[in-house]
$ cat protein-v7.cif   # mmCIF, C-alpha atoms, pLDDT in the B column; chains and numbers go by the auth columns
data_input
loop_
_atom_site.group_PDB
_atom_site.id
_atom_site.type_symbol
_atom_site.label_atom_id
_atom_site.label_comp_id
_atom_site.label_asym_id
_atom_site.label_seq_id
_atom_site.Cartn_x
_atom_site.Cartn_y
_atom_site.Cartn_z
_atom_site.B_iso_or_equiv
_atom_site.auth_seq_id
_atom_site.auth_asym_id
ATOM 1 C CA MET A 1 -44.151 21.276 107.579 72.00 1 A
ATOM 2 C CA GLU A 2 -40.695 22.435 108.103 82.00 2 A
ATOM 3 C CA THR A 3 -37.712 20.948 106.275 83.00 3 A
ATOM 4 C CA THR A 4 -34.225 21.347 107.513 84.00 4 A
ATOM 5 C CA VAL A 5 -31.096 20.794 105.533 81.00 5 A
ATOM 6 C CA THR A 6 -27.831 20.136 107.203 79.00 6 A
ATOM 7 C CA LEU A 7 -24.737 20.490 105.109 73.00 7 A
ATOM 8 C CA GLN A 8 -21.801 18.235 105.545 69.00 8 A
ATOM 9 C CA PRO A 9 -18.358 19.742 105.687 67.00 9 A
ATOM 10 C CA PRO A 10 -16.793 19.979 102.201 66.00 10 A
ATOM 11 C CA PHE A 11 -14.522 17.199 101.077 65.00 11 A
ATOM 12 C CA GLU A 12 -10.993 18.502 101.268 64.00 12 A
ATOM 13 C CA PHE A 13 -7.909 17.256 99.446 62.00 13 A
ATOM 14 C CA TYR A 14 -4.633 17.722 101.085 74.00 14 A
ATOM 15 C CA LEU A 15 -2.168 19.928 99.276 76.00 15 A
ATOM 16 C CA TRP A 16 0.082 16.995 98.302 75.00 16 A
ATOM 17 C CA VAL A 17 -2.835 15.256 96.576 78.00 17 A
ATOM 18 C CA TRP A 18 -3.481 18.323 94.431 77.00 18 A
ATOM 19 C CA LEU A 19 0.216 18.630 93.576 86.00 19 A
ATOM 20 C CA PHE A 20 0.410 14.953 92.661 89.00 20 A
ATOM 21 C CA ALA A 21 -2.661 15.156 90.428 89.00 21 A
ATOM 22 C CA ILE A 22 -1.418 18.273 88.615 93.00 22 A
ATOM 23 C CA SER A 23 2.081 16.782 88.199 95.00 23 A
ATOM 24 C CA ALA A 24 0.660 13.550 86.791 95.00 24 A
ATOM 25 C CA LEU A 25 -1.483 15.505 84.353 95.00 25 A
ATOM 26 C CA LEU A 26 1.466 17.661 83.202 96.00 26 A
ATOM 27 C CA LEU A 27 3.729 14.642 82.788 96.00 27 A
ATOM 28 C CA SER A 28 1.070 12.863 80.756 95.00 28 A
ATOM 29 C CA VAL A 29 0.664 15.855 78.446 95.00 29 A
ATOM 30 C CA ALA A 30 4.446 16.218 78.086 95.00 30 A
ATOM 31 C CA PHE A 31 4.798 12.509 77.293 96.00 31 A
ATOM 32 C CA LEU A 32 2.092 12.697 74.630 95.00 32 A
ATOM 33 C CA LEU A 33 3.693 15.776 73.037 95.00 33 A
ATOM 34 C CA ILE A 34 7.112 14.094 72.939 95.00 34 A
ATOM 35 C CA MET A 35 5.658 10.938 71.429 94.00 35 A
ATOM 36 C CA ARG A 36 3.822 13.013 68.818 93.00 36 A
ATOM 37 C CA HIS A 37 7.067 14.813 67.948 92.00 37 A
ATOM 38 C CA PHE A 38 8.982 11.541 67.455 90.00 38 A
ATOM 39 C CA TYR A 39 6.128 10.040 65.455 90.00 39 A
ATOM 40 C CA LYS A 40 6.058 13.023 63.077 87.00 40 A
ATOM 41 C CA LYS A 41 9.844 12.934 62.757 85.00 41 A
ATOM 42 C CA ALA A 42 9.768 9.223 61.901 83.00 42 A
ATOM 43 C CA GLN A 43 6.964 9.791 59.393 82.00 43 A
ATOM 44 C CA SER A 44 8.908 12.562 57.652 76.00 44 A
ATOM 45 C CA GLN A 45 11.983 10.326 57.424 70.00 45 A
ATOM 46 C CA VAL A 46 9.912 7.529 55.908 67.00 46 A
ATOM 47 C CA GLU A 47 8.430 9.943 53.380 66.00 47 A
ATOM 48 C CA ALA A 48 11.874 11.325 52.526 57.00 48 A
ATOM 49 C CA THR A 49 13.175 7.793 52.009 56.00 49 A
ATOM 50 C CA LYS A 50 10.267 6.962 49.718 56.00 50 A
ATOM 51 C CA GLU A 51 10.868 10.039 47.600 57.00 51 A
ATOM 52 C CA GLY A 52 14.603 9.414 47.274 61.00 52 A
ATOM 53 C CA PRO A 53 17.172 12.068 46.592 65.00 53 A
ATOM 54 C CA VAL A 54 16.289 15.055 44.493 65.00 54 A
ATOM 55 C CA PHE A 55 18.569 15.598 41.519 69.00 55 A
ATOM 56 C CA ILE A 56 19.359 19.145 40.491 73.00 56 A
ATOM 57 C CA GLN A 57 20.276 19.974 36.936 78.00 57 A
ATOM 58 C CA PRO A 58 22.966 22.656 36.911 79.00 58 A
ATOM 59 C CA SER A 59 23.683 24.624 33.775 82.00 59 A
ATOM 60 C CA GLN A 60 25.947 23.162 31.110 85.00 60 A
ATOM 61 C CA ARG A 61 28.558 25.803 31.935 88.00 61 A
ATOM 62 C CA VAL A 62 28.702 24.674 35.569 86.00 62 A
ATOM 63 C CA ILE A 63 29.107 21.044 34.495 87.00 63 A
ATOM 64 C CA THR A 64 31.842 21.936 31.995 88.00 64 A
ATOM 65 C CA ASN A 65 33.763 23.934 34.619 91.00 65 A
ATOM 66 C CA ALA A 66 33.389 21.109 37.148 90.00 66 A
ATOM 67 C CA LYS A 67 34.634 18.554 34.619 90.00 67 A
ATOM 68 C CA GLY A 68 37.829 20.513 34.023 92.00 68 A
ATOM 69 C CA ARG A 69 38.468 21.112 37.708 93.00 69 A
ATOM 70 C CA TYR A 70 37.880 17.515 38.792 92.00 70 A
ATOM 71 C CA VAL A 71 39.911 16.026 35.940 93.00 71 A
ATOM 72 C CA GLY A 72 42.748 18.310 37.067 94.00 72 A
ATOM 73 C CA MET A 73 42.360 17.068 40.641 94.00 73 A
ATOM 74 C CA ILE A 74 42.580 13.452 39.506 92.00 74 A
ATOM 75 C CA GLN A 75 45.671 14.218 37.445 94.00 75 A
ATOM 76 C CA ALA A 76 47.263 15.837 40.516 94.00 76 A
ATOM 77 C CA VAL A 77 46.544 12.741 42.635 93.00 77 A
ATOM 78 C CA LEU A 78 47.966 10.513 39.908 93.00 78 A
ATOM 79 C CA ALA A 79 51.100 12.688 39.754 94.00 79 A
ATOM 80 C CA ASP A 80 51.487 12.438 43.558 93.00 80 A
ATOM 81 C CA TYR A 81 51.139 8.656 43.343 92.00 81 A
ATOM 82 C CA ASN A 82 53.687 8.384 40.539 92.00 82 A
ATOM 83 C CA ALA A 83 56.079 10.603 42.533 94.00 83 A
ATOM 84 C CA LYS A 84 55.630 8.208 45.501 91.00 84 A
ATOM 85 C CA LYS A 85 54.208 11.023 47.660 93.00 85 A
ATOM 86 C CA ILE A 86 51.123 8.967 48.516 91.00 86 A
ATOM 87 C CA THR A 87 50.381 5.267 48.820 87.00 87 A
ATOM 88 C CA LYS A 88 47.982 3.405 46.560 83.00 88 A
ATOM 89 C CA ARG A 89 45.403 3.235 49.345 81.00 89 A
ATOM 90 C CA ASP A 90 45.652 6.985 49.984 87.00 90 A
ATOM 91 C CA GLY A 91 45.327 7.533 46.254 88.00 91 A
ATOM 92 C CA TYR A 92 42.139 5.500 46.076 84.00 92 A
ATOM 93 C CA GLN A 93 40.724 7.341 49.077 85.00 93 A
ATOM 94 C CA LYS A 94 41.450 10.700 47.459 90.00 94 A
ATOM 95 C CA LEU A 95 40.068 9.474 44.149 88.00 95 A
ATOM 96 C CA SER A 96 36.839 8.407 45.843 84.00 96 A
ATOM 97 C CA ILE A 97 36.503 11.802 47.551 88.00 97 A
ATOM 98 C CA ILE A 98 37.072 13.566 44.229 91.00 98 A
ATOM 99 C CA ILE A 99 34.446 11.468 42.432 87.00 99 A
ATOM 100 C CA ARG A 100 31.928 11.955 45.228 85.00 100 A
ATOM 101 C CA GLY A 101 32.570 15.709 45.216 89.00 101 A
ATOM 102 C CA PHE A 102 32.006 15.824 41.473 89.00 102 A
ATOM 103 C CA VAL A 103 28.718 13.959 41.811 86.00 103 A
ATOM 104 C CA GLN A 104 27.563 16.318 44.552 86.00 104 A
ATOM 105 C CA GLU A 105 28.423 19.377 42.485 87.00 105 A
ATOM 106 C CA THR A 106 26.723 18.121 39.330 86.00 106 A
ATOM 107 C CA THR A 107 23.645 16.435 40.845 84.00 107 A
ATOM 108 C CA GLY A 108 23.158 18.136 44.203 83.00 108 A
ATOM 109 C CA ILE A 109 23.201 14.801 46.037 82.00 109 A
ATOM 110 C CA ASN A 110 25.734 14.596 48.866 82.00 110 A
ATOM 111 C CA VAL A 111 27.074 11.080 48.297 81.00 111 A
ATOM 112 C CA GLU A 112 30.144 11.679 50.457 80.00 112 A
ATOM 113 C CA ASN A 113 28.828 9.520 53.294 78.00 113 A
ATOM 114 C CA TYR A 114 26.842 7.054 51.188 79.00 114 A
ATOM 115 C CA THR A 115 27.712 3.385 51.270 78.00 115 A
ATOM 116 C CA LEU A 116 28.114 1.371 48.105 77.00 116 A
ATOM 117 C CA TYR A 117 24.588 0.002 48.579 79.00 117 A
ATOM 118 C CA GLU A 118 23.116 3.516 48.890 81.00 118 A
ATOM 119 C CA ILE A 119 25.032 4.693 45.816 80.00 119 A
ATOM 120 C CA LYS A 120 23.692 1.750 43.820 80.00 120 A
ATOM 121 C CA GLY A 121 20.198 2.806 44.889 80.00 121 A
ATOM 122 C CA LEU A 122 20.631 6.138 43.103 79.00 122 A
ATOM 123 C CA GLY A 123 20.660 4.407 39.722 79.00 123 A
ATOM 124 C CA ILE A 124 23.708 6.198 38.298 79.00 124 A
ATOM 125 C CA GLU A 125 25.351 3.271 36.544 81.00 125 A
ATOM 126 C CA LYS A 126 28.729 4.916 35.841 80.00 126 A
ATOM 127 C CA LEU A 127 29.067 5.984 39.463 80.00 127 A
ATOM 128 C CA ASN A 128 28.147 2.498 40.693 79.00 128 A
ATOM 129 C CA LYS A 129 30.949 0.909 38.686 80.00 129 A
ATOM 130 C CA LEU A 130 33.554 3.457 39.753 78.00 130 A
ATOM 131 C CA ILE A 131 32.800 3.334 43.468 77.00 131 A
ATOM 132 C CA GLU A 132 32.575 -0.454 43.386 77.00 132 A
ATOM 133 C CA GLU A 133 35.978 -0.584 41.710 75.00 133 A
ATOM 134 C CA TYR A 134 37.523 1.661 44.386 73.00 134 A
ATOM 135 C CA TYR A 135 35.822 0.063 47.376 69.00 135 A
ATOM 136 C CA VAL A 136 38.311 -2.744 48.020 64.00 136 A
ATOM 137 C CA PRO A 137 41.512 -0.718 47.524 59.00 137 A
ATOM 138 C CA GLU A 138 40.075 2.213 49.439 59.00 138 A
ATOM 139 C CA PHE A 139 39.227 0.263 52.573 60.00 139 A
ATOM 140 C CA ALA A 140 41.478 -2.793 52.375 58.00 140 A
ATOM 141 C CA GLU A 141 45.047 -3.151 53.480 56.00 141 A
ATOM 142 C CA ASP A 142 47.681 -2.381 50.860 52.00 142 A
ATOM 143 C CA ASN A 143 48.383 -6.050 50.067 57.00 143 A
ATOM 144 C CA ARG A 144 44.755 -6.660 48.972 55.00 144 A
ATOM 145 C CA ALA A 145 44.938 -3.761 46.528 56.00 145 A
ATOM 146 C CA THR A 146 48.126 -4.817 44.762 61.00 146 A
ATOM 147 C CA ARG A 147 46.315 -6.322 41.779 67.00 147 A
ATOM 148 C CA MET A 148 44.553 -2.996 41.072 73.00 148 A
ATOM 149 C CA SER A 149 46.154 -0.518 38.687 83.00 149 A
ATOM 150 C CA PHE A 150 45.836 2.950 40.152 83.00 150 A
ATOM 151 C CA GLU A 151 46.654 4.595 36.837 89.00 151 A
ATOM 152 C CA ALA A 152 43.892 2.620 35.090 87.00 152 A
ATOM 153 C CA SER A 153 41.453 3.581 37.848 86.00 153 A
ATOM 154 C CA CYS A 154 42.354 7.261 37.443 89.00 154 A
ATOM 155 C CA ASN A 155 41.901 7.034 33.675 90.00 155 A
ATOM 156 C CA SER A 156 38.551 5.342 34.178 88.00 156 A
ATOM 157 C CA ALA A 157 37.442 8.081 36.587 88.00 157 A
ATOM 158 C CA MET A 158 38.557 10.818 34.193 90.00 158 A
ATOM 159 C CA GLY A 159 36.652 9.086 31.388 89.00 159 A
ATOM 160 C CA VAL A 160 33.458 9.040 33.444 88.00 160 A
ATOM 161 C CA ILE A 161 33.859 12.695 34.390 89.00 161 A
ATOM 162 C CA LYS A 162 34.565 13.751 30.796 89.00 162 A
ATOM 163 C CA THR A 163 31.461 11.949 29.496 87.00 163 A
ATOM 164 C CA TRP A 164 29.157 13.056 32.338 83.00 164 A
ATOM 165 C CA ASN A 165 26.063 14.964 31.263 74.00 165 A
#
$ encode --input "protein-v7.cif" --output "structure tokens"
Amino acid sequence: METTVTLQPPFEFYLWVWLFAISALLLSVAFLLIMRHFYKKAQSQVEATKEGPVFIQPSQRVITNAKGRYVGMIQAVLADYNAKKITKRDGYQKLSIIIRGFVQETTGINVENYTLYEIKGLGIEKLNKLIEEYYVPEFAEDNRATRMSFEASCNSAMGVIKTWN
């Protein structure tokens, strides 16, 4: 008994079908890699937020030097205000920058762009009170800050810096 096998012609894809399939596969892989990247980035941000900022403890010499420098800066701003070189609002803005710079130098936390709410979250009570005191005069129009004594605010800031440890 003789068996014959007849082969059918092979199934052929056109070139555009192959290109479409490969493109779809590459786009799917690229999409998954991008999504994985964003997921990991979001996870790391969540973990960083949970941990909170990391405080550094500089040497006592560094803190002492910083205290002297920043007290001098505040005295210079107060002198400019008393000489009518700057407005009260400008004074409060400079005072806030000085305090935030001092905190960054002594703790390692860059609070320059922190909001009042974020600063309160750090748990540094003296800093909370100072920044809260300066918030209205720093951002308000001059007429809303008239009841604030700039000299008293400067003295308060110098007191916090001098007692910082």
$ closest_residue --input "protein-v7.cif" --among "A:Gln57, A:Thr87, A:Asn82, A:Ser28" --to "Gly108 of chain A" --atoms "all atoms listed in the file"
A:Gln57
$ residues_around --input "protein-v7.cif" --residues "Ala66 of chain A" --least-positions-apart "5" --cutoff "9 Å" --atoms "only C-alpha atoms" --output "PDB file with C-alpha atoms, keeping the file's coordinate frame"
ATOM      1  CA  ARG A  61      28.558  25.803  31.935  1.00 88.00           C
ATOM      2  CA  VAL A  71      39.911  16.026  35.940  1.00 93.00           C
ATOM      3  CA  PHE A 102      32.006  15.824  41.473  1.00 89.00           C
ATOM      4  CA  GLU A 105      28.423  19.377  42.485  1.00 87.00           C
ATOM      5  CA  THR A 106      26.723  18.121  39.330  1.00 86.00           C
ATOM      6  CA  ILE A 161      33.859  12.695  34.390  1.00 89.00           C
TER       7      ILE A 161
END
$ atom_distance --input "protein-v7.cif" --atom1 "atom CA of Lys94 of chain A" --atom2 "atom CA of Leu127 of chain A"
15.5 Å
$ resolve_selection --input "protein-v7.cif" --expression "the PyMOL selection byres ((chain A and resi 124) around 12)" --output "list in words"
Phe55, Val103, Thr107, Ile109, Val111, Leu116, Glu118, Ile119, Lys120, Gly121, Leu122, Gly123, Glu125, Lys126, Leu127, Asn128, Lys129, Leu130, Ile131, Val160, Trp164 and Asn165 of chain A
$ atom_distance --input "protein-v7.cif" --atom1 "atom CA of Ile98 of chain A" --atom2 "atom CA of Tyr114 of chain A"
14.0 Å
$ atom_distance --input "protein-v7.cif" --atom1 "atom CA of Ala79 of chain A" --atom2 "atom CA of Asn113 of chain A"
26.3 Å
$ residues_around --input "protein-v7.cif" --residues "segment 72-78 of chain A" --least-positions-apart "2" --cutoff "7 Å" --atoms "all atoms listed in the file" --output "list in words"
Gly68, Arg69, Tyr70, Asp80, Tyr81, Asn82, Gly91, Leu95, Glu151 and Cys154 of chain A
$ axis_aligned_box --input "protein-v7.cif" --around "segment 87-104 of chain A" --padding-each-side "4 Å" --output "JSON"
{"center_x": 39.0, "center_y": 9.8, "center_z": 45.7, "size_x": 30.8, "size_y": 21.1, "size_z": 16.5}
$ closest_residue --input "protein-v7.cif" --among "A:Leu19, A:Asn65, A:Pro58, A:Ala42" --to "Gln104 of chain A" --atoms "all atoms listed in the file"
A:Pro58
$ closest_residue --input "protein-v7.cif" --among "A:Thr3, A:Leu27, A:Glu133, A:Ile86" --to "Ala152 of chain A" --atoms "only C-alpha atoms"
A:Glu133
$ closest_residue --input "protein-v7.cif" --among "A:Trp18, A:Leu26, A:Thr163, A:Phe150" --to "Asp90 of chain A" --atoms "all atoms listed in the file"
A:Phe150
$ decode --input "protein-v7.cif" --residues "segment 108-135 of chain A" --atoms "N, CA, C and O atoms" --output "PDB file, in the first residue's frame"
ATOM      1  N   GLY A 108      21.101  70.033  58.703  1.00  0.00           N
ATOM      2  CA  GLY A 108      21.238  69.345  57.421  1.00  0.00           C
ATOM      3  C   GLY A 108      19.947  69.258  56.642  1.00  0.00           C
ATOM      4  O   GLY A 108      19.912  68.704  55.549  1.00  0.00           O
ATOM      5  N   ILE A 109      18.865  69.815  57.161  1.00  0.00           N
ATOM      6  CA  ILE A 109      17.571  69.759  56.485  1.00  0.00           C
ATOM      7  C   ILE A 109      17.360  71.074  55.743  1.00  0.00           C
ATOM      8  O   ILE A 109      17.409  72.143  56.350  1.00  0.00           O
ATOM      9  N   ASN A 110      17.136  70.991  54.446  1.00  0.00           N
ATOM     10  CA  ASN A 110      16.943  72.195  53.633  1.00  0.00           C
ATOM     11  C   ASN A 110      15.489  72.649  53.762  1.00  0.00           C
ATOM     12  O   ASN A 110      14.626  72.235  53.010  1.00  0.00           O
ATOM     13  N   VAL A 111      15.235  73.527  54.724  1.00  0.00           N
ATOM     14  CA  VAL A 111      13.875  74.003  54.975  1.00  0.00           C
ATOM     15  C   VAL A 111      13.559  75.273  54.186  1.00  0.00           C
ATOM     16  O   VAL A 111      12.524  75.883  54.412  1.00  0.00           O
ATOM     17  N   GLU A 112      14.441  75.644  53.276  1.00  0.00           N
ATOM     18  CA  GLU A 112      14.253  76.890  52.532  1.00  0.00           C
ATOM     19  C   GLU A 112      12.935  76.927  51.769  1.00  0.00           C
ATOM     20  O   GLU A 112      12.271  77.955  51.716  1.00  0.00           O
ATOM     21  N   ASN A 113      12.529  75.811  51.216  1.00  0.00           N
ATOM     22  CA  ASN A 113      11.297  75.768  50.424  1.00  0.00           C
ATOM     23  C   ASN A 113      10.151  75.088  51.158  1.00  0.00           C
ATOM     24  O   ASN A 113       9.136  74.771  50.554  1.00  0.00           O
ATOM     25  N   TYR A 114      10.301  74.844  52.442  1.00  0.00           N
ATOM     26  CA  TYR A 114       9.242  74.198  53.212  1.00  0.00           C
ATOM     27  C   TYR A 114       8.140  75.212  53.536  1.00  0.00           C
ATOM     28  O   TYR A 114       8.402  76.376  53.775  1.00  0.00           O
ATOM     29  N   THR A 115       6.928  74.717  53.551  1.00  0.00           N
ATOM     30  CA  THR A 115       5.804  75.538  53.996  1.00  0.00           C
ATOM     31  C   THR A 115       5.743  75.489  55.516  1.00  0.00           C
ATOM     32  O   THR A 115       6.445  74.695  56.157  1.00  0.00           O
ATOM     33  N   LEU A 116       4.894  76.304  56.074  1.00  0.00           N
ATOM     34  CA  LEU A 116       4.736  76.312  57.530  1.00  0.00           C
ATOM     35  C   LEU A 116       4.284  74.936  58.020  1.00  0.00           C
ATOM     36  O   LEU A 116       4.774  74.434  59.035  1.00  0.00           O
ATOM     37  N   TYR A 117       3.388  74.308  57.285  1.00  0.00           N
ATOM     38  CA  TYR A 117       2.887  72.980  57.655  1.00  0.00           C
ATOM     39  C   TYR A 117       4.022  71.954  57.657  1.00  0.00           C
ATOM     40  O   TYR A 117       4.121  71.128  58.568  1.00  0.00           O
ATOM     41  N   GLU A 118       4.886  72.000  56.645  1.00  0.00           N
ATOM     42  CA  GLU A 118       6.003  71.051  56.572  1.00  0.00           C
ATOM     43  C   GLU A 118       7.013  71.308  57.688  1.00  0.00           C
ATOM     44  O   GLU A 118       7.578  70.368  58.250  1.00  0.00           O
ATOM     45  N   ILE A 119       7.227  72.574  58.022  1.00  0.00           N
ATOM     46  CA  ILE A 119       8.150  72.904  59.115  1.00  0.00           C
ATOM     47  C   ILE A 119       7.598  72.399  60.439  1.00  0.00           C
ATOM     48  O   ILE A 119       8.334  71.864  61.268  1.00  0.00           O
ATOM     49  N   LYS A 120       6.292  72.542  60.637  1.00  0.00           N
ATOM     50  CA  LYS A 120       5.684  72.033  61.872  1.00  0.00           C
ATOM     51  C   LYS A 120       5.834  70.524  61.968  1.00  0.00           C
ATOM     52  O   LYS A 120       5.955  69.972  63.061  1.00  0.00           O
ATOM     53  N   GLY A 121       5.847  69.845  60.832  1.00  0.00           N
ATOM     54  CA  GLY A 121       6.011  68.394  60.811  1.00  0.00           C
ATOM     55  C   GLY A 121       7.389  67.931  61.245  1.00  0.00           C
ATOM     56  O   GLY A 121       7.580  66.765  61.585  1.00  0.00           O
ATOM     57  N   LEU A 122       8.367  68.818  61.244  1.00  0.00           N
ATOM     58  CA  LEU A 122       9.718  68.451  61.669  1.00  0.00           C
ATOM     59  C   LEU A 122       9.810  68.269  63.179  1.00  0.00           C
ATOM     60  O   LEU A 122      10.678  67.558  63.671  1.00  0.00           O
ATOM     61  N   GLY A 123       8.938  68.960  63.918  1.00  0.00           N
ATOM     62  CA  GLY A 123       8.933  68.826  65.367  1.00  0.00           C
ATOM     63  C   GLY A 123       9.960  69.689  66.082  1.00  0.00           C
ATOM     64  O   GLY A 123      10.310  69.404  67.218  1.00  0.00           O
ATOM     65  N   ILE A 124      10.445  70.731  65.436  1.00  0.00           N
ATOM     66  CA  ILE A 124      11.376  71.661  66.084  1.00  0.00           C
ATOM     67  C   ILE A 124      10.541  72.833  66.583  1.00  0.00           C
ATOM     68  O   ILE A 124      10.210  73.741  65.825  1.00  0.00           O
ATOM     69  N   GLU A 125      10.190  72.799  67.848  1.00  0.00           N
ATOM     70  CA  GLU A 125       9.214  73.735  68.403  1.00  0.00           C
ATOM     71  C   GLU A 125       9.636  75.200  68.261  1.00  0.00           C
ATOM     72  O   GLU A 125       8.836  76.057  67.902  1.00  0.00           O
ATOM     73  N   LYS A 126      10.897  75.506  68.534  1.00  0.00           N
ATOM     74  CA  LYS A 126      11.370  76.892  68.439  1.00  0.00           C
ATOM     75  C   LYS A 126      11.248  77.418  67.011  1.00  0.00           C
ATOM     76  O   LYS A 126      10.857  78.562  66.787  1.00  0.00           O
ATOM     77  N   LEU A 127      11.586  76.563  66.059  1.00  0.00           N
ATOM     78  CA  LEU A 127      11.500  76.958  64.651  1.00  0.00           C
ATOM     79  C   LEU A 127      10.051  77.170  64.241  1.00  0.00           C
ATOM     80  O   LEU A 127       9.736  78.129  63.525  1.00  0.00           O
ATOM     81  N   ASN A 128       9.161  76.309  64.712  1.00  0.00           N
ATOM     82  CA  ASN A 128       7.732  76.459  64.401  1.00  0.00           C
ATOM     83  C   ASN A 128       7.225  77.833  64.802  1.00  0.00           C
ATOM     84  O   ASN A 128       6.556  78.526  64.027  1.00  0.00           O
ATOM     85  N   LYS A 129       7.552  78.234  66.034  1.00  0.00           N
ATOM     86  CA  LYS A 129       7.054  79.515  66.549  1.00  0.00           C
ATOM     87  C   LYS A 129       7.625  80.691  65.765  1.00  0.00           C
ATOM     88  O   LYS A 129       6.905  81.639  65.452  1.00  0.00           O
ATOM     89  N   LEU A 130       8.913  80.621  65.447  1.00  0.00           N
ATOM     90  CA  LEU A 130       9.529  81.725  64.702  1.00  0.00           C
ATOM     91  C   LEU A 130       8.917  81.883  63.313  1.00  0.00           C
ATOM     92  O   LEU A 130       8.516  82.973  62.913  1.00  0.00           O
ATOM     93  N   ILE A 131       8.870  80.794  62.569  1.00  0.00           N
ATOM     94  CA  ILE A 131       8.364  80.862  61.197  1.00  0.00           C
ATOM     95  C   ILE A 131       6.897  81.248  61.198  1.00  0.00           C
ATOM     96  O   ILE A 131       6.447  82.026  60.354  1.00  0.00           O
ATOM     97  N   GLU A 132       6.133  80.758  62.148  1.00  0.00           N
ATOM     98  CA  GLU A 132       4.727  81.137  62.243  1.00  0.00           C
ATOM     99  C   GLU A 132       4.584  82.633  62.516  1.00  0.00           C
ATOM    100  O   GLU A 132       3.715  83.302  61.956  1.00  0.00           O
ATOM    101  N   GLU A 133       5.460  83.158  63.354  1.00  0.00           N
ATOM    102  CA  GLU A 133       5.434  84.585  63.664  1.00  0.00           C
ATOM    103  C   GLU A 133       5.750  85.429  62.431  1.00  0.00           C
ATOM    104  O   GLU A 133       5.180  86.489  62.224  1.00  0.00           O
ATOM    105  N   TYR A 134       6.643  84.951  61.582  1.00  0.00           N
ATOM    106  CA  TYR A 134       7.079  85.727  60.411  1.00  0.00           C
ATOM    107  C   TYR A 134       6.185  85.518  59.199  1.00  0.00           C
ATOM    108  O   TYR A 134       6.297  86.243  58.226  1.00  0.00           O
ATOM    109  N   TYR A 135       5.334  84.507  59.235  1.00  0.00           N
ATOM    110  CA  TYR A 135       4.575  84.145  58.040  1.00  0.00           C
ATOM    111  C   TYR A 135       3.692  85.281  57.537  1.00  0.00           C
ATOM    112  O   TYR A 135       3.715  85.596  56.357  1.00  0.00           O
TER     113      TYR A 135
END
